[in-house]
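Text of the file target.cif, holding mmCIF, C-alpha atoms:
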```
data_structure
#
loop_
_atom_site.group_PDB
_atom_site.id
_atom_site.type_symbol
_atom_site.label_atom_id
_atom_site.label_comp_id
_atom_site.auth_asym_id
_atom_site.auth_seq_id
_atom_site.Cartn_x
_atom_site.Cartn_y
_atom_site.Cartn_z
ATOM 1 C CA MET A 1 74.665 82.498 78.465
ATOM 2 C CA TYR A 2 74.127 80.804 81.842
ATOM 3 C CA GLN A 3 76.949 82.749 83.446
ATOM 4 C CA LYS A 4 75.568 86.089 82.265
ATOM 5 C CA LEU A 5 72.140 85.241 83.569
ATOM 6 C CA LEU A 6 73.665 84.147 86.834
ATOM 7 C CA LEU A 7 75.513 87.390 87.459
ATOM 8 C CA ASN A 8 73.256 90.004 85.909
ATOM 9 C CA CYS A 9 69.811 88.599 86.581
ATOM 10 C CA ASP A 10 70.436 87.001 89.958
ATOM 11 C CA GLY A 11 70.107 83.495 88.560
ATOM 12 C CA GLY A 12 66.755 81.790 88.863
ATOM 13 C CA ILE A 13 65.006 78.967 90.621
ATOM 14 C CA ILE A 14 67.282 75.934 90.532
ATOM 15 C CA ASP A 15 65.746 72.484 90.640
ATOM 16 C CA ALA A 16 66.840 70.326 93.588
ATOM 17 C CA THR A 17 68.544 67.914 91.185
ATOM 18 C CA GLN A 18 70.814 70.760 90.049
ATOM 19 C CA GLN A 19 71.859 71.823 93.521
ATOM 20 C CA SER A 20 75.505 71.244 94.415
ATOM 21 C CA GLU A 21 76.806 68.934 97.130
ATOM 22 C CA GLN A 22 78.387 70.561 100.163
ATOM 23 C CA ASP A 23 82.122 70.129 100.520
ATOM 24 C CA ASN A 24 83.768 68.811 103.684
ATOM 25 C CA CYS A 25 84.266 72.277 105.115
ATOM 26 C CA ALA A 26 83.086 74.548 107.900
ATOM 27 C CA VAL A 27 82.263 78.040 106.700
ATOM 28 C CA VAL A 28 81.566 81.246 108.637
ATOM 29 C CA ALA A 29 80.430 84.279 106.610
ATOM 30 C CA ILE A 30 80.544 87.680 108.344
ATOM 31 C CA GLY A 31 78.931 90.825 106.926
ATOM 32 C CA LEU A 32 79.986 94.214 108.328
ATOM 33 C CA GLY A 33 77.865 97.350 108.105
ATOM 34 C CA GLY A 34 75.148 98.058 105.551
ATOM 35 C CA THR A 35 77.028 96.912 102.454
ATOM 36 C CA GLY A 36 78.467 93.822 104.117
ATOM 37 C CA VAL A 37 75.056 92.811 105.453
ATOM 38 C CA ASP A 38 73.481 93.271 102.007
ATOM 39 C CA CYS A 39 76.086 90.892 100.638
ATOM 40 C CA LEU A 40 75.437 88.443 103.474
ATOM 41 C CA LYS A 41 71.709 88.392 102.686
ATOM 42 C CA ASN A 42 72.506 87.736 99.049
ATOM 43 C CA LEU A 43 74.832 84.884 100.005
ATOM 44 C CA LYS A 44 72.283 83.303 102.290
ATOM 45 C CA ALA A 45 69.604 83.331 99.612
ATOM 46 C CA LYS A 46 71.961 81.726 97.093
ATOM 47 C CA VAL A 47 73.066 79.036 99.521
ATOM 48 C CA TYR A 48 69.466 77.968 100.092
ATOM 49 C CA ASN A 49 68.855 78.071 96.360
ATOM 50 C CA ARG A 50 71.964 76.396 94.966
ATOM 51 C CA VAL A 51 73.416 74.134 97.668
ATOM 52 C CA LYS A 52 71.949 70.861 98.898
ATOM 53 C CA PRO A 53 70.951 71.070 102.575
ATOM 54 C CA ASP A 54 72.223 68.670 105.227
ATOM 55 C CA LYS A 55 69.144 66.478 104.782
ATOM 56 C CA PRO A 56 67.556 67.013 101.335
ATOM 57 C CA ASP A 57 64.331 65.226 102.281
ATOM 58 C CA THR A 58 63.394 67.609 105.109
ATOM 59 C CA SER A 59 60.704 70.278 104.690
ATOM 60 C CA VAL A 60 62.862 72.982 106.309
ATOM 61 C CA PRO A 61 66.387 73.039 104.834
ATOM 62 C CA ALA A 62 69.288 73.293 107.278
ATOM 63 C CA TYR A 63 72.941 74.100 106.714
ATOM 64 C CA SER A 64 74.664 73.333 109.999
ATOM 65 C CA HIS A 65 78.178 73.729 108.558
ATOM 66 C CA ILE A 66 77.542 77.173 107.041
ATOM 67 C CA LYS A 67 77.135 80.022 109.514
ATOM 68 C CA PHE A 68 76.115 83.624 108.850
ATOM 69 C CA LEU A 69 76.768 86.593 111.114
ATOM 70 C CA ALA A 70 75.695 90.191 110.449
ATOM 71 C CA VAL A 71 77.567 92.847 112.438
ATOM 72 C CA ASP A 72 76.097 96.343 112.391
ATOM 73 C CA THR A 73 75.404 99.467 114.423
ATOM 74 C CA ASP A 74 71.973 99.809 112.790
ATOM 75 C CA LYS A 75 69.601 96.903 113.359
ATOM 76 C CA THR A 76 66.609 98.324 111.496
ATOM 77 C CA GLY A 77 67.424 96.630 108.200
ATOM 78 C CA MET A 78 68.287 93.149 109.455
ATOM 79 C CA SER A 79 64.919 91.538 108.725
ATOM 80 C CA GLU A 80 64.276 93.433 105.510
ATOM 81 C CA LYS A 81 64.746 91.842 102.107
ATOM 82 C CA ASN A 82 67.228 93.457 99.798
ATOM 83 C CA ALA A 83 66.395 94.111 96.177
ATOM 84 C CA VAL A 84 67.593 90.778 94.840
ATOM 85 C CA SER A 85 66.947 88.278 97.604
ATOM 86 C CA ALA A 86 64.107 86.109 98.810
ATOM 87 C CA GLU A 87 62.474 85.554 102.194
ATOM 88 C CA ILE A 88 65.255 83.130 103.149
ATOM 89 C CA SER A 89 67.786 85.957 103.070
ATOM 90 C CA ARG A 90 66.385 87.562 106.199
ATOM 91 C CA ILE A 91 68.854 87.722 109.081
ATOM 92 C CA ASP A 92 67.788 85.788 112.179
ATOM 93 C CA MET A 93 68.070 88.376 114.945
ATOM 94 C CA ASP A 94 68.685 85.729 117.618
ATOM 95 C CA THR A 95 71.353 83.613 115.926
ATOM 96 C CA GLU A 96 72.774 85.615 113.012
ATOM 97 C CA PHE A 97 73.083 89.181 114.295
ATOM 98 C CA PHE A 98 75.798 90.776 116.422
ATOM 99 C CA ASP A 99 74.295 94.036 117.610
ATOM 100 C CA LEU A 100 76.551 97.098 117.908
ATOM 101 C CA SER A 101 73.707 99.618 118.100
ATOM 102 C CA TYR A 102 73.384 102.195 120.856
ATOM 103 C CA SER A 103 69.916 103.420 121.792
ATOM 104 C CA GLY A 104 70.989 106.890 122.914
ATOM 105 C CA ASP A 105 73.121 109.669 121.487
ATOM 106 C CA VAL A 106 76.535 108.072 121.052
ATOM 107 C CA THR A 107 78.272 111.415 120.508
ATOM 108 C CA ALA A 108 76.909 112.661 123.826
ATOM 109 C CA LEU A 109 78.112 109.423 125.436
ATOM 110 C CA LEU A 110 81.608 110.061 124.148
ATOM 111 C CA LYS A 111 81.630 113.612 125.501
ATOM 112 C CA GLN A 112 80.461 112.404 128.926
ATOM 113 C CA SER A 113 83.196 109.768 128.933
ATOM 114 C CA THR A 114 85.981 112.136 127.882
ATOM 115 C CA GLY A 115 88.165 111.638 130.939
ATOM 116 C CA SER A 116 87.769 107.892 131.305
ATOM 117 C CA LEU A 117 88.282 107.150 127.611
ATOM 118 C CA ALA A 118 91.424 109.256 127.417
ATOM 119 C CA ALA A 119 92.946 107.129 130.147
ATOM 120 C CA LYS A 120 92.080 103.757 128.608
ATOM 121 C CA PRO A 121 94.787 102.113 126.461
ATOM 122 C CA GLU A 122 92.049 100.641 124.243
ATOM 123 C CA TYR A 123 91.090 104.118 123.027
ATOM 124 C CA LYS A 124 93.683 106.751 123.818
ATOM 125 C CA GLU A 125 95.826 106.258 120.713
ATOM 126 C CA TRP A 126 93.074 106.571 118.101
ATOM 127 C CA LEU A 127 89.792 107.979 119.434
ATOM 128 C CA ARG A 128 89.521 111.731 118.782
ATOM 129 C CA TYR A 129 86.015 112.264 120.109
ATOM 130 C CA GLU A 130 86.389 116.063 120.162
ATOM 131 C CA ASP A 131 86.579 116.071 116.356
ATOM 132 C CA ILE A 132 83.312 114.130 115.843
ATOM 133 C CA THR A 133 80.503 116.425 114.713
ATOM 134 C CA VAL A 134 77.985 113.937 113.298
ATOM 135 C CA ALA A 135 74.292 114.598 113.907
ATOM 136 C CA SER A 136 72.923 112.269 116.585
ATOM 137 C CA ALA A 137 69.780 111.541 114.561
ATOM 138 C CA LEU A 138 71.717 109.542 111.968
ATOM 139 C CA ALA A 139 71.333 105.767 112.135
ATOM 140 C CA GLY A 140 74.221 103.531 113.145
ATOM 141 C CA ALA A 141 77.643 105.160 113.055
ATOM 142 C CA GLY A 142 76.420 108.017 110.872
ATOM 143 C CA GLY A 143 79.251 107.550 108.403
ATOM 144 C CA VAL A 144 81.900 108.199 111.096
ATOM 145 C CA ARG A 145 84.483 105.434 111.304
ATOM 146 C CA GLN A 146 85.565 106.343 114.831
ATOM 147 C CA LEU A 147 82.006 105.898 116.099
ATOM 148 C CA GLY A 148 81.711 102.520 114.409
ATOM 149 C CA ARG A 149 85.005 101.383 115.894
ATOM 150 C CA TYR A 150 84.136 102.665 119.359
ATOM 151 C CA LEU A 151 80.843 100.753 119.406
ATOM 152 C CA PHE A 152 82.632 97.595 118.277
ATOM 153 C CA MET A 153 85.503 97.913 120.771
ATOM 154 C CA GLU A 154 82.984 97.931 123.589
ATOM 155 C CA LYS A 155 81.937 94.407 122.561
ATOM 156 C CA ALA A 156 85.222 92.968 121.268
ATOM 157 C CA HIS A 157 85.422 90.183 123.852
ATOM 158 C CA ALA A 158 81.841 89.105 123.164
ATOM 159 C CA PHE A 159 82.615 89.066 119.431
ATOM 160 C CA VAL A 160 85.555 86.687 119.891
ATOM 161 C CA THR A 161 83.370 84.400 121.998
ATOM 162 C CA ARG A 162 80.679 84.451 119.300
ATOM 163 C CA ILE A 163 83.113 83.594 116.493
ATOM 164 C CA LYS A 164 84.625 80.747 118.496
ATOM 165 C CA ALA A 165 81.164 79.279 119.027
ATOM 166 C CA LEU A 166 80.241 79.602 115.340
ATOM 167 C CA VAL A 167 83.435 77.910 114.165
ATOM 168 C CA SER A 168 83.044 75.119 116.693
ATOM 169 C CA SER A 169 79.414 74.563 115.699
ATOM 170 C CA ALA A 170 80.212 74.606 111.978
ATOM 171 C CA LYS A 171 82.836 71.875 112.449
ATOM 172 C CA THR A 172 80.514 69.555 114.384
ATOM 173 C CA GLU A 173 80.286 66.018 112.907
ATOM 174 C CA LEU A 174 82.771 66.814 110.127
ATOM 175 C CA ILE A 175 85.954 64.747 109.883
ATOM 176 C CA LEU A 176 89.109 66.848 109.427
ATOM 177 C CA PRO A 177 87.199 69.677 107.725
ATOM 178 C CA LYS A 178 88.681 72.671 105.977
ATOM 179 C CA VAL A 179 87.686 75.838 107.819
ATOM 180 C CA TYR A 180 86.986 79.081 105.968
ATOM 181 C CA VAL A 181 86.024 82.485 107.345
ATOM 182 C CA HIS A 182 84.778 85.074 104.848
ATOM 183 C CA ILE A 183 84.500 88.747 105.819
ATOM 184 C CA PHE A 184 82.433 91.132 103.656
ATOM 185 C CA THR A 185 82.450 94.891 104.103
ATOM 186 C CA GLY A 186 82.064 98.219 102.386
ATOM 187 C CA MET A 187 85.015 100.598 102.613
ATOM 188 C CA GLY A 188 83.144 103.895 102.682
ATOM 189 C CA GLY A 189 80.682 103.734 105.577
ATOM 190 C CA GLY A 190 81.050 104.290 109.285
ATOM 191 C CA THR A 191 80.618 100.752 110.586
ATOM 192 C CA GLY A 192 82.260 98.377 108.128
ATOM 193 C CA ALA A 193 85.093 100.777 107.287
ATOM 194 C CA GLY A 194 85.551 101.540 110.963
ATOM 195 C CA ILE A 195 85.795 97.981 112.270
ATOM 196 C CA PHE A 196 87.053 95.741 109.473
ATOM 197 C CA LEU A 197 90.674 95.580 110.672
ATOM 198 C CA ASP A 198 89.677 94.848 114.270
ATOM 199 C CA VAL A 199 87.233 92.210 113.039
ATOM 200 C CA CYS A 200 89.944 90.521 110.972
ATOM 201 C CA TYR A 201 92.402 90.358 113.858
ATOM 202 C CA LEU A 202 89.796 89.296 116.395
ATOM 203 C CA VAL A 203 88.657 86.552 114.006
ATOM 204 C CA ARG A 204 92.272 85.408 113.945
ATOM 205 C CA GLU A 205 92.326 85.463 117.749
ATOM 206 C CA ALA A 206 89.102 83.444 117.939
ATOM 207 C CA LEU A 207 90.515 80.878 115.510
ATOM 208 C CA ARG A 208 93.686 80.614 117.566
ATOM 209 C CA LEU A 209 91.719 80.063 120.774
ATOM 210 C CA GLU A 210 89.511 77.522 119.013
ATOM 211 C CA GLY A 211 92.578 75.733 117.621
ATOM 212 C CA ALA A 212 91.127 75.916 114.119
ATOM 213 C CA ASN A 213 93.394 75.567 111.101
ATOM 214 C CA ALA A 214 91.578 78.131 108.975
ATOM 215 C CA TYR A 215 91.799 80.279 105.863
ATOM 216 C CA VAL A 216 90.448 83.837 106.071
ATOM 217 C CA CYS A 217 89.187 85.718 103.007
ATOM 218 C CA GLY A 218 88.261 89.402 102.899
ATOM 219 C CA TYR A 219 85.915 90.999 100.358
ATOM 220 C CA PHE A 220 86.153 94.780 100.296
ATOM 221 C CA PHE A 221 83.604 96.769 98.291
ATOM 222 C CA LEU A 222 85.345 99.885 97.002
ATOM 223 C CA PRO A 223 83.624 103.276 97.301
ATOM 224 C CA ASP A 224 82.509 103.285 93.654
ATOM 225 C CA VAL A 225 80.174 100.363 94.419
ATOM 226 C CA ASN A 226 78.228 102.553 96.861
ATOM 227 C CA LEU A 227 78.545 105.668 94.705
ATOM 228 C CA ALA A 228 76.830 103.742 91.890
ATOM 229 C CA LYS A 229 73.636 103.928 94.002
ATOM 230 C CA ASN A 230 73.336 107.685 93.316
ATOM 231 C CA LEU A 231 73.865 108.793 96.895
ATOM 232 C CA ASP A 232 73.098 112.284 98.120
ATOM 233 C CA LYS A 233 75.977 114.776 98.040
ATOM 234 C CA GLU A 234 76.825 114.610 101.751
ATOM 235 C CA THR A 235 76.842 110.806 101.878
ATOM 236 C CA ALA A 236 78.877 110.553 98.677
ATOM 237 C CA ALA A 237 81.476 112.891 100.175
ATOM 238 C CA TYR A 238 82.092 110.838 103.321
ATOM 239 C CA VAL A 239 82.019 107.558 101.372
ATOM 240 C CA GLN A 240 84.931 108.809 99.276
ATOM 241 C CA VAL A 241 86.900 110.148 102.242
ATOM 242 C CA ASN A 242 86.315 107.009 104.330
ATOM 243 C CA GLY A 243 87.079 104.798 101.363
ATOM 244 C CA TYR A 244 90.433 106.468 100.715
ATOM 245 C CA SER A 245 91.444 106.142 104.378
ATOM 246 C CA SER A 246 90.265 102.526 104.623
ATOM 247 C CA ILE A 247 92.113 101.438 101.486
ATOM 248 C CA GLN A 248 95.293 103.086 102.773
ATOM 249 C CA GLU A 249 94.983 101.192 106.052
ATOM 250 C CA LEU A 250 94.262 97.871 104.362
ATOM 251 C CA ASP A 251 97.204 98.271 102.029
ATOM 252 C CA TYR A 252 99.540 99.105 104.910
ATOM 253 C CA CYS A 253 98.444 96.183 107.084
ATOM 254 C CA MET A 254 98.600 93.706 104.207
ATOM 255 C CA ASN A 255 102.263 94.673 103.828
ATOM 256 C CA TYR A 256 103.497 94.191 107.401
ATOM 257 C CA GLU A 257 105.945 91.604 106.070
ATOM 258 C CA TYR A 258 107.678 94.312 104.036
ATOM 259 C CA ASN A 259 107.212 97.504 106.073
ATOM 260 C CA GLY A 260 108.408 96.005 109.348
ATOM 261 C CA ASP A 261 105.385 97.118 111.361
ATOM 262 C CA LYS A 262 102.784 95.051 113.249
ATOM 263 C CA TRP A 263 99.214 95.124 114.495
ATOM 264 C CA SER A 264 99.153 96.177 118.151
ATOM 265 C CA GLN A 265 95.879 96.869 119.912
ATOM 266 C CA ARG A 266 94.592 96.286 123.428
ATOM 267 C CA TYR A 267 91.018 95.037 123.914
ATOM 268 C CA THR A 268 88.992 94.955 127.118
ATOM 269 C CA GLY A 269 88.758 91.371 128.344
ATOM 270 C CA LEU A 270 91.294 90.139 125.800
ATOM 271 C CA GLY A 271 94.429 92.096 126.553
ATOM 272 C CA LEU A 272 97.053 93.113 124.028
ATOM 273 C CA ILE A 273 96.871 91.488 120.595
ATOM 274 C CA GLU A 274 100.067 91.873 118.593
ATOM 275 C CA THR A 275 101.040 90.211 115.335
ATOM 276 C CA ASN A 276 102.931 90.965 112.150
ATOM 277 C CA TYR A 277 100.574 88.791 110.118
ATOM 278 C CA PRO A 278 98.348 90.570 107.611
ATOM 279 C CA PRO A 279 94.658 90.827 108.574
ATOM 280 C CA ILE A 280 93.554 88.141 106.087
ATOM 281 C CA ASN A 281 95.039 85.417 103.910
ATOM 282 C CA MET A 282 93.326 86.469 100.684
ATOM 283 C CA CYS A 283 92.204 90.006 99.836
ATOM 284 C CA HIS A 284 89.551 90.746 97.209
ATOM 285 C CA LEU A 285 88.743 94.295 96.091
ATOM 286 C CA ILE A 286 85.345 94.675 94.418
ATOM 287 C CA THR A 287 84.705 97.571 92.060
ATOM 288 C CA ALA A 288 81.655 98.841 90.176
ATOM 289 C CA LYS A 289 83.605 99.339 86.955
ATOM 290 C CA ASP A 290 84.605 97.088 84.071
ATOM 291 C CA ALA A 291 88.118 96.715 82.632
ATOM 292 C CA MET A 292 87.600 99.863 80.532
ATOM 293 C CA GLY A 293 86.688 101.989 83.550
ATOM 294 C CA ASN A 294 82.978 102.179 82.740
ATOM 295 C CA VAL A 295 80.413 101.809 85.520
ATOM 296 C CA ILE A 296 78.566 98.506 85.128
ATOM 297 C CA PRO A 297 74.757 98.776 84.872
ATOM 298 C CA ASN A 298 73.032 97.973 88.160
ATOM 299 C CA ALA A 299 76.545 97.955 89.621
ATOM 300 C CA TYR A 300 75.655 97.491 93.302
ATOM 301 C CA ASN A 301 73.672 94.295 92.800
ATOM 302 C CA PHE A 302 76.089 93.106 90.129
ATOM 303 C CA ALA A 303 78.958 93.389 92.620
ATOM 304 C CA MET A 304 76.991 91.411 95.208
ATOM 305 C CA ASN A 305 76.286 88.618 92.738
ATOM 306 C CA VAL A 306 79.870 88.401 91.507
ATOM 307 C CA VAL A 307 81.065 87.938 95.079
ATOM 308 C CA THR A 308 78.353 85.361 95.746
ATOM 309 C CA ASP A 309 79.326 83.339 92.699
ATOM 310 C CA TYR A 310 82.960 83.270 93.806
ATOM 311 C CA PHE A 311 81.980 82.421 97.386
ATOM 312 C CA MET A 312 80.098 79.327 96.216
ATOM 313 C CA ASP A 313 83.375 77.644 95.277
ATOM 314 C CA PHE A 314 84.211 77.431 98.979
ATOM 315 C CA LEU A 315 80.972 75.618 99.802
ATOM 316 C CA VAL A 316 80.577 72.936 97.188
ATOM 317 C CA ALA A 317 82.661 69.913 96.299
ATOM 318 C CA ASN A 318 85.142 71.288 93.785
ATOM 319 C CA ASP A 319 88.646 70.017 93.133
ATOM 320 C CA SER A 320 89.760 73.443 91.904
ATOM 321 C CA VAL A 321 89.540 75.054 95.350
ATOM 322 C CA VAL A 322 92.847 74.671 97.150
ATOM 323 C CA PHE A 323 93.176 75.162 100.901
ATOM 324 C CA ALA A 324 96.200 77.376 101.356
ATOM 325 C CA GLY A 325 97.066 76.695 104.954
ATOM 326 C CA PRO A 326 96.528 77.968 108.487
ATOM 327 C CA VAL A 327 95.917 81.470 109.731
ATOM 328 C CA ASP A 328 99.062 81.529 111.884
#
```
Starting from the file, lay out its structure as structure tokens.
Amino acid sequence: MYQKLLLNCDGGIIDATQQSEQDNCAVVAIGLGGTGVDCLKNLKAKVYNRVKPDKPDTSVPAYSHIKFLAVDTDKTGMSEKNAVSAEISRIDMDTEFFDLSYSGDVTALLKQSTGSLAAKPEYKEWLRYEDITVASALAGAGGVRQLGRYLFMEKAHAFVTRIKALVSSAKTELILPKVYVHIFTGMGGGTGAGIFLDVCYLVREALRLEGANAYVCGYFFLPDVNLAKNLDKETAAYVQVNGYSSIQELDYCMNYEYNGDKWSQRYTGLGLIETNYPPINMCHLITAKDAMGNVIPNAYNFAMNVVTDYFMDFLVANDSVVFAGPVD
């Protein structure tokens, strides 16, 4: 009964005496794009509701060992509440947001930069700007994965610096803590689906530079989660196309050990990053359907809450959670 209420009805108000103790771990949660940020807001609300703060007797709860970072090309929804969260789920624009937005027409920018981009090793192997036909009025990456990735690549070095700082801060005052990084993203949009692989490998690079022995988990919301929101025809079409491409890429990279390939990408300010490690240690695929293939009622929010419930095991003292080793 409790479990059903927890997942379907977003739980309830939990008395302070029922809140769980934090484990000896440093946690960084990263939400990519609209779907990933929605999940991040949900997580943040649940943490404040279910987990004891650093100092329970303070009027303003603080969680110095749990860090949240929203990464998006559209900053308009950062301070808005989602359908299932409270005021505490709002993203702090100064400390919890990594802004990839561009104030002008990004497609026009790409056309103006045609010559210079074609010559840059960071872009020349994957950016096909002449094929991008998205309307400039669309928010963020407009459902185009190449636009999302381009906007992220421009700030890759700053992203690594930000992750290093978050991990370092989360570990402060902990003795031999476990370190977890959780990455949440949709697979059908332009931002999350466009940048998730780069984010995973740059998180690995930040952890290496920080010297952190960490475990990286990825949570990938399949296209049917977004399609359950009754999207318009045009959006539904690109969600399915992007989702298929993203899943293919994830599957390929998770199997570097068997296909003999490797990740190889050059980033401005970072140089060439090459590795045959998969992007994450543990991959979770989240669907909107049950075991019989039926769409779950209120599937989008249900998916968010299922992920949140699982995520909580990495925050609270629980002997069943096993740390599986370093990133490299």
**Report entry** Cut-off 10 Å around (79.8, 83.0, 107.9) with all atoms listed in the file: residues as a ChimeraX atom specification
**Finding:** /A:26-31,40,43-44,65-70,96,163,166-167,170,180-184
Requested in this report: For segment 215-231 of chain A, work out the shell of residues within 8 Å, counting only C-alpha atoms and skipping chain neighbours fewer than 4 positions away, then give it as JSON, numbers by chain.
Outcome: {"A": [35, 179, 180, 181, 182, 183, 184, 185, 186, 187, 188, 235, 236, 239, 240, 243, 280, 281, 282, 283, 284, 285, 286, 287, 288, 289, 295, 298, 299, 300, 303, 307, 323, 324, 325, 326, 327]}
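Among A:Asn255, A:Asn294, A:Gln146, A:Ser264, the residue with the shortest atom-to-atom distance to Tyr201 of chain A, counting all atoms listed in the file, is A:Ser264.
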Report task. May I have the residues at most 8 Å from (80.4, 104.7, 109.1) in the file's coordinates, counting all atoms listed in the file, as JSON, numbers by chain? Result -> {"A": [33, 140, 141, 142, 143, 144, 145, 146, 147, 148, 188, 189, 190, 191, 192, 193, 194, 242]}
Output C-alpha atoms for every residue in the selection just made, as an mmCIF file, keeping the file's coordinate frame.
```cif
data_model
loop_
_atom_site.group_PDB
_atom_site.id
_atom_site.type_symbol
_atom_site.label_atom_id
_atom_site.label_comp_id
_atom_site.auth_asym_id
_atom_site.auth_seq_id
_atom_site.Cartn_x
_atom_site.Cartn_y
_atom_site.Cartn_z
ATOM 1 C CA GLY A 33 77.865 97.350 108.105
ATOM 2 C CA GLY A 140 74.221 103.531 113.145
ATOM 3 C CA ALA A 141 77.643 105.160 113.055
ATOM 4 C CA GLY A 142 76.420 108.017 110.872
ATOM 5 C CA GLY A 143 79.251 107.550 108.403
ATOM 6 C CA VAL A 144 81.900 108.199 111.096
ATOM 7 C CA ARG A 145 84.483 105.434 111.304
ATOM 8 C CA GLN A 146 85.565 106.343 114.831
ATOM 9 C CA LEU A 147 82.006 105.898 116.099
ATOM 10 C CA GLY A 148 81.711 102.520 114.409
ATOM 11 C CA GLY A 188 83.144 103.895 102.682
ATOM 12 C CA GLY A 189 80.682 103.734 105.577
ATOM 13 C CA GLY A 190 81.050 104.290 109.285
ATOM 14 C CA THR A 191 80.618 100.752 110.586
ATOM 15 C CA GLY A 192 82.260 98.377 108.128
ATOM 16 C CA ALA A 193 85.093 100.777 107.287
ATOM 17 C CA GLY A 194 85.551 101.540 110.963
ATOM 18 C CA ASN A 242 86.315 107.009 104.330
#
```
Report task. On this file, the PyMOL selection byres ((chain A and resi 261) around 12) gives some set of residues; write that set as a ChimeraX atom specification. Result -> /A:252-260,262-264,274-278
Determine, counting all atoms listed in the file, which protein, DNA and RNA residues have an atom within 8 Å of an atom of Cys200 of chain A; residues of the same chain fewer than 3 positions away are not included. Present the result as a CSV table (one decimal) with C-alpha atoms, in the coordinates of the input.
```csv
chain,number,residue,atom,x,y,z
A,183,ILE,CA,84.5,88.7,105.8
A,196,PHE,CA,87.1,95.7,109.5
A,197,LEU,CA,90.7,95.6,110.7
A,203,VAL,CA,88.7,86.6,114.0
A,204,ARG,CA,92.3,85.4,113.9
A,279,PRO,CA,94.7,90.8,108.6
A,280,ILE,CA,93.6,88.1,106.1
```
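Minimum atom-to-atom distance to Lys178 of chain A, evaluated using all atoms listed in the file, belongs to A:Asn213 out of A:Thr268, A:Asn213, A:Thr76, A:Thr161.
The space between atom CA of Lys233 of chain A and atom CA of Ile132 of chain A spans 19.3 Å.
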Requested in this report: Tell me which residues the PyMOL selection byres ((chain A and resi 115-131) around 10) grabs here, as an MDAnalysis selection string.
Outcome: chainID A and resid 107:114 132:134 146:147 149:150 153:154 265:268 271:272
Report summary line: Of A:Ser246, A:Leu202, A:Leu32, A:Leu207, the one nearest to Phe159 of chain A when counting all atoms listed in the file is A:Leu202
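One distance worth recording is that between atom CA of Lys164 of chain A and atom CA of Ile273 of chain A, which is 16.4 Å.
Proximity to Leu250 of chain A was assessed for A:Glu234, A:Val306, A:Ala214, A:Asp198 counting only C-alpha atoms; the smallest distance is recorded for A:Asp198.
Our summary of the geometry notes that atom CA of His157 of chain A is positioned 9.7 Å from atom CA of Ala206 of chain A.
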Requested in this report: Check which residues satisfy the PyMOL selection byres ((chain A and resi 52-63) around 8) in the file shown, then give them as a list in words.
Outcome: Ala16, Gln19, Ser20, Glu21, Gln22, Tyr48, Arg50, Val51, Ser64, His65, Ile66 and Lys67 of chain A
